[in-house]
Protein chains: 2
Amino acid sequence: MKIGIVGGTGNIGEGLALRLSNKHEIIIGSRTPEKACESIENTVRLLEERGISCSCIGSSNQEAVDRGDIVIISVPYKHLLPTLTPLSGFENKTVITPVNPMTKKDFFSHDPPKEGSAAMLIRSILPGNACIVAAFNNISAQKWKNLDEELDYSVAVCSDDEEAKKVVMNLVNEIPKLKAFNAGPLEMASVVEGITPLLLNIARYNKMRDVGIQFK
Amino acid sequence: MKIGIVGGTGNIGEGLALRLSNKHEIIIGSRTPEKACESIENTVRLLEERGISCSCIGSSNQEAVDRGDIVIISVPYKHLLPTLTPLSGFENKTVITPVNPMTKKDFFSHDPPKEGSAAMLIRSILPGNACIVAAFNNISAQKWKNLDEELDYSVAVCSDDEEAKKVVMNLVNEIPKLKAFNAGPLEMASVVEGITPLLLNIARYNKMRDVGIQFK
């Protein structure tokens with residue numbers, strides 16, 4: 001599949017590219033395409049060192065949307081609206097959101113918009129025939145990027161489109177050790193997004209690093 | 001310690017009594033104390049069959065509050081206000097809430113009150129010197145009651161009172177396999193409470209039973 005990553009030069013975007021580009025054609029998008037090309041050089045080098053061939057190109061965010069069958073919106077919550085507003089062409093695309101609305105005060109706090117979640121905010125902005133799927137919300141950015149780290153975690157996948165949800169669950173399950181769980185409709189993304197500040201607080205208060213979650 | 005369980009005849013209350021009464025004096029409260037006594041007979045019998053001695057008595061909800069150093073509010077969310085309103089004497093008590101505000105439509109939905117969580121609602125009702133601690137929110141009622149089931153789960157513990165939080169974390173860790181995590185201030189209980197409807201949906205949509213969580 002062709003997977004476009006909007007905001008692909010951030011930690012999670014680079015990590016997704018590293019973990020998916022051996023099987024899929026990845027289009028890393030950035031506001032500054034030169035930065036995307038630099039990020040790619042790094043990704044290709046890391047994979048070549050391990051003898052893994054990959055397909056990965058750098059582009060603008062708009063090109064990542066245009067060329068992807070699946071588009072992953074991998075930007076911090078505060079950049080979500082400024083990033084999405086100028087983009088178009090999401091019609092009939094499967095759009096994955098790992099975005100978590102949170103703020104840091106003395107601790108990390110879940111701070112959702114009035115729509116209830118970043119996922120529902122994206123739903124309200126993009127065309128009705130775009131299939132929005134929340135996934136990959138609760139995995140530490142640091143773990144994504146370190147290929148020596150096994151991602152032995154559960155991934156809650158929420159969507160109102162059952163077909164798109166299946167495609168994304170299969171994508172999750174292609175990454176070694178990650179296990180996708182159908183977590184119901186997009187409305188449930190509000191809870192899933194809230195888990196990330198909870199995990200960050202748990203890491204902080206219990207002197208742990210890169211805490212994730214397993215359903216069992 | 002003396003642990004009073006308000007609503008102690010429900011599944012979670014009975015499960016807590018079963019798992020804690022070998023080390024602590026448990027006062028099971030109920031609106032109808034006769035029901036509490038019946039519940040106790042069952043608990044004592046189940047433990048005696050395993051050669052475990054226990055300390056457990058049945059009482060009214062008010063007596064469970066009065067006699068407990070720790071009071072666990074183990075009622076379904078819809079019974080929370082009617083149960084708490086007539087009770088008094090919470091001053092300087094450590095009050096544990098495993099209560100999760102949720103509704104069932106086509107799926108289980110997190111449905112918090114305007115205070116943000118059941119924990120913050122309890123905070124707003126009880127006297128300021130009661131120490132409110134959210135804990136035990138995400139463990140299946142069925143698993144609590146079946147002593148053959150190992151509770152190999154994580155328990156997020158939230159409170160604004162660090163001393164009370166430590167006491168409750170120690171209590172959690174006394175139950176074999178359960179592991180307490182400091183999850184920060186009481187405000188974070190909103191996320192922890194939301195995880196329960198998420199787990200119920202995951203169980204339903206993935207054909208699983210009694211799903212719990214681990215932080216790792």
# chains A, B, ... in the order shown; residues from 1 in each chain; ligands from 1

call {"tool": "residues_around", "arguments": {"residues": "Ile195 in chain A", "least_positions_apart": "4", "cutoff": "7 Å", "atoms": "only C-alpha atoms", "output": "JSON, numbers by chain"}}
result
{"A": [138, 191, 199], "B": [191]}

call {"tool": "write_last_selection", "arguments": {"atoms": "C-alpha atoms", "output": "tab-separated table (two decimals), in the first residue's frame"}}
result
chain	number	residue	atom	x	y	z
A	138	ASN	CA	-0.37	5.01	23.13
A	191	VAL	CA	-10.60	7.47	26.12
A	199	LEU	CA	1.06	6.74	30.73
B	191	VAL	CA	-8.99	8.86	32.28

call {"tool": "interface_residues", "arguments": {"of": "chain B", "to": "chain A", "cutoff": "6 Å", "atoms": "only C-alpha atoms", "output": "list in words"}}
result
Asn182, Ala183, Val191, Gly194, Asn201, Ile202, Tyr205, Val211, Gly212, Ile213, Gln214, Phe215 and Lys216 of chain B

call {"tool": "atom_distance", "arguments": {"atom1": "CA of Ala17 in chain B", "atom2": "CA of Ile57 in chain B"}}
result
10.0 Å

call {"tool": "residues_around", "arguments": {"residues": "range 45-53 of chain A", "least_positions_apart": "4", "cutoff": "10 Å", "atoms": "only C-alpha atoms", "output": "PDB file with C-alpha atoms, in the first residue's frame"}}
result
ATOM      1  CA  LEU A  18      11.052   2.824   9.871  1.00  0.00           C
ATOM      2  CA  ARG A  19       8.610   0.103  10.895  1.00  0.00           C
ATOM      3  CA  SER A  21       8.660   0.923   4.814  1.00  0.00           C
ATOM      4  CA  ASN A  22       9.888  -2.639   4.345  1.00  0.00           C
ATOM      5  CA  LYS A  23       6.409  -3.682   3.225  1.00  0.00           C
ATOM      6  CA  ILE A  40      14.412   9.715   4.645  1.00  0.00           C
ATOM      7  CA  GLU A  41      18.168   9.491   4.254  1.00  0.00           C
ATOM      8  CA  ASN A 146      14.595   2.576  18.148  1.00  0.00           C
ATOM      9  CA  LEU A 147      14.425  -0.542  15.981  1.00  0.00           C
TER      10      LEU A 147
END

call {"tool": "residues_around", "arguments": {"residues": "Met1 in chain B", "least_positions_apart": "3", "cutoff": "7 Å", "atoms": "only C-alpha atoms", "output": "VMD selection string"}}
result
chain B and resid 24 to 25 69

call {"tool": "write_last_selection", "arguments": {"atoms": "C-alpha atoms", "output": "tab-separated table (two decimals), in the first residue's frame"}}
result
chain	number	residue	atom	x	y	z
B	24	HIS	CA	-7.65	-6.99	57.37
B	25	GLU	CA	-10.87	-6.60	59.31
B	69	ASP	CA	-10.13	3.40	58.68

call {"tool": "atom_distance", "arguments": {"atom1": "CA of Ser88 in chain A", "atom2": "CA of Ala164 in chain A"}}
result
19.6 Å

call {"tool": "residues_around", "arguments": {"residues": "Lys35 in chain B", "least_positions_apart": "2", "cutoff": "12 Å", "atoms": "only C-alpha atoms", "output": "list of chain:residue names"}}
result
B:Gly7, B:Gly8, B:Thr9, B:Gly10, B:Glu14, B:Ile28, B:Gly29, B:Ser30, B:Arg31, B:Thr32, B:Pro33, B:Cys37, B:Glu38, B:Ser39, B:Ile40, B:Glu41, B:Asn42, B:Ile57, B:Gly58, B:Ser59, B:Ser60, B:Asn61

call {"tool": "select_by_dssp", "arguments": {"residues": "range 129-169 of chain B", "states": "alpha helix (DSSP H)", "output": "PyMOL selection string"}}
result
chain B and resi 141-145+162-169

call {"tool": "write_last_selection", "arguments": {"atoms": "N, CA and C atoms", "output": "compact mmCIF listing (two decimals), in the first residue's frame"}}
result
# COMPACT_ATOMS: atom_id res chain seq x y z
N ALA B 141 -15.32 -7.43 37.45
CA ALA B 141 -16.05 -7.90 38.63
C ALA B 141 -16.01 -9.42 38.73
N GLN B 142 -16.12 -10.08 37.60
CA GLN B 142 -16.11 -11.55 37.60
C GLN B 142 -14.79 -12.10 38.12
N LYS B 143 -13.69 -11.45 37.72
CA LYS B 143 -12.37 -11.93 38.15
C LYS B 143 -12.16 -11.72 39.65
N TRP B 144 -12.66 -10.59 40.16
CA TRP B 144 -12.55 -10.35 41.59
C TRP B 144 -13.10 -11.51 42.39
N LYS B 145 -14.27 -12.00 41.97
CA LYS B 145 -15.01 -12.96 42.79
C LYS B 145 -14.48 -14.38 42.70
N GLU B 162 -0.85 12.43 49.16
CA GLU B 162 0.24 11.48 48.90
C GLU B 162 0.30 10.38 49.95
N GLU B 163 -0.04 10.72 51.19
CA GLU B 163 0.02 9.73 52.26
C GLU B 163 -1.05 8.65 52.05
N ALA B 164 -2.28 9.10 51.78
CA ALA B 164 -3.38 8.16 51.53
C ALA B 164 -3.08 7.31 50.29
N LYS B 165 -2.47 7.94 49.30
CA LYS B 165 -2.15 7.22 48.07
C LYS B 165 -1.19 6.06 48.37
N LYS B 166 -0.19 6.34 49.22
CA LYS B 166 0.78 5.29 49.58
C LYS B 166 0.08 4.13 50.29
N VAL B 167 -0.81 4.47 51.23
CA VAL B 167 -1.54 3.42 51.97
C VAL B 167 -2.32 2.54 50.99
N VAL B 168 -3.00 3.17 50.05
CA VAL B 168 -3.82 2.40 49.10
C VAL B 168 -2.92 1.60 48.14
N MET B 169 -1.80 2.18 47.71
CA MET B 169 -0.89 1.42 46.84
C MET B 169 -0.37 0.17 47.57
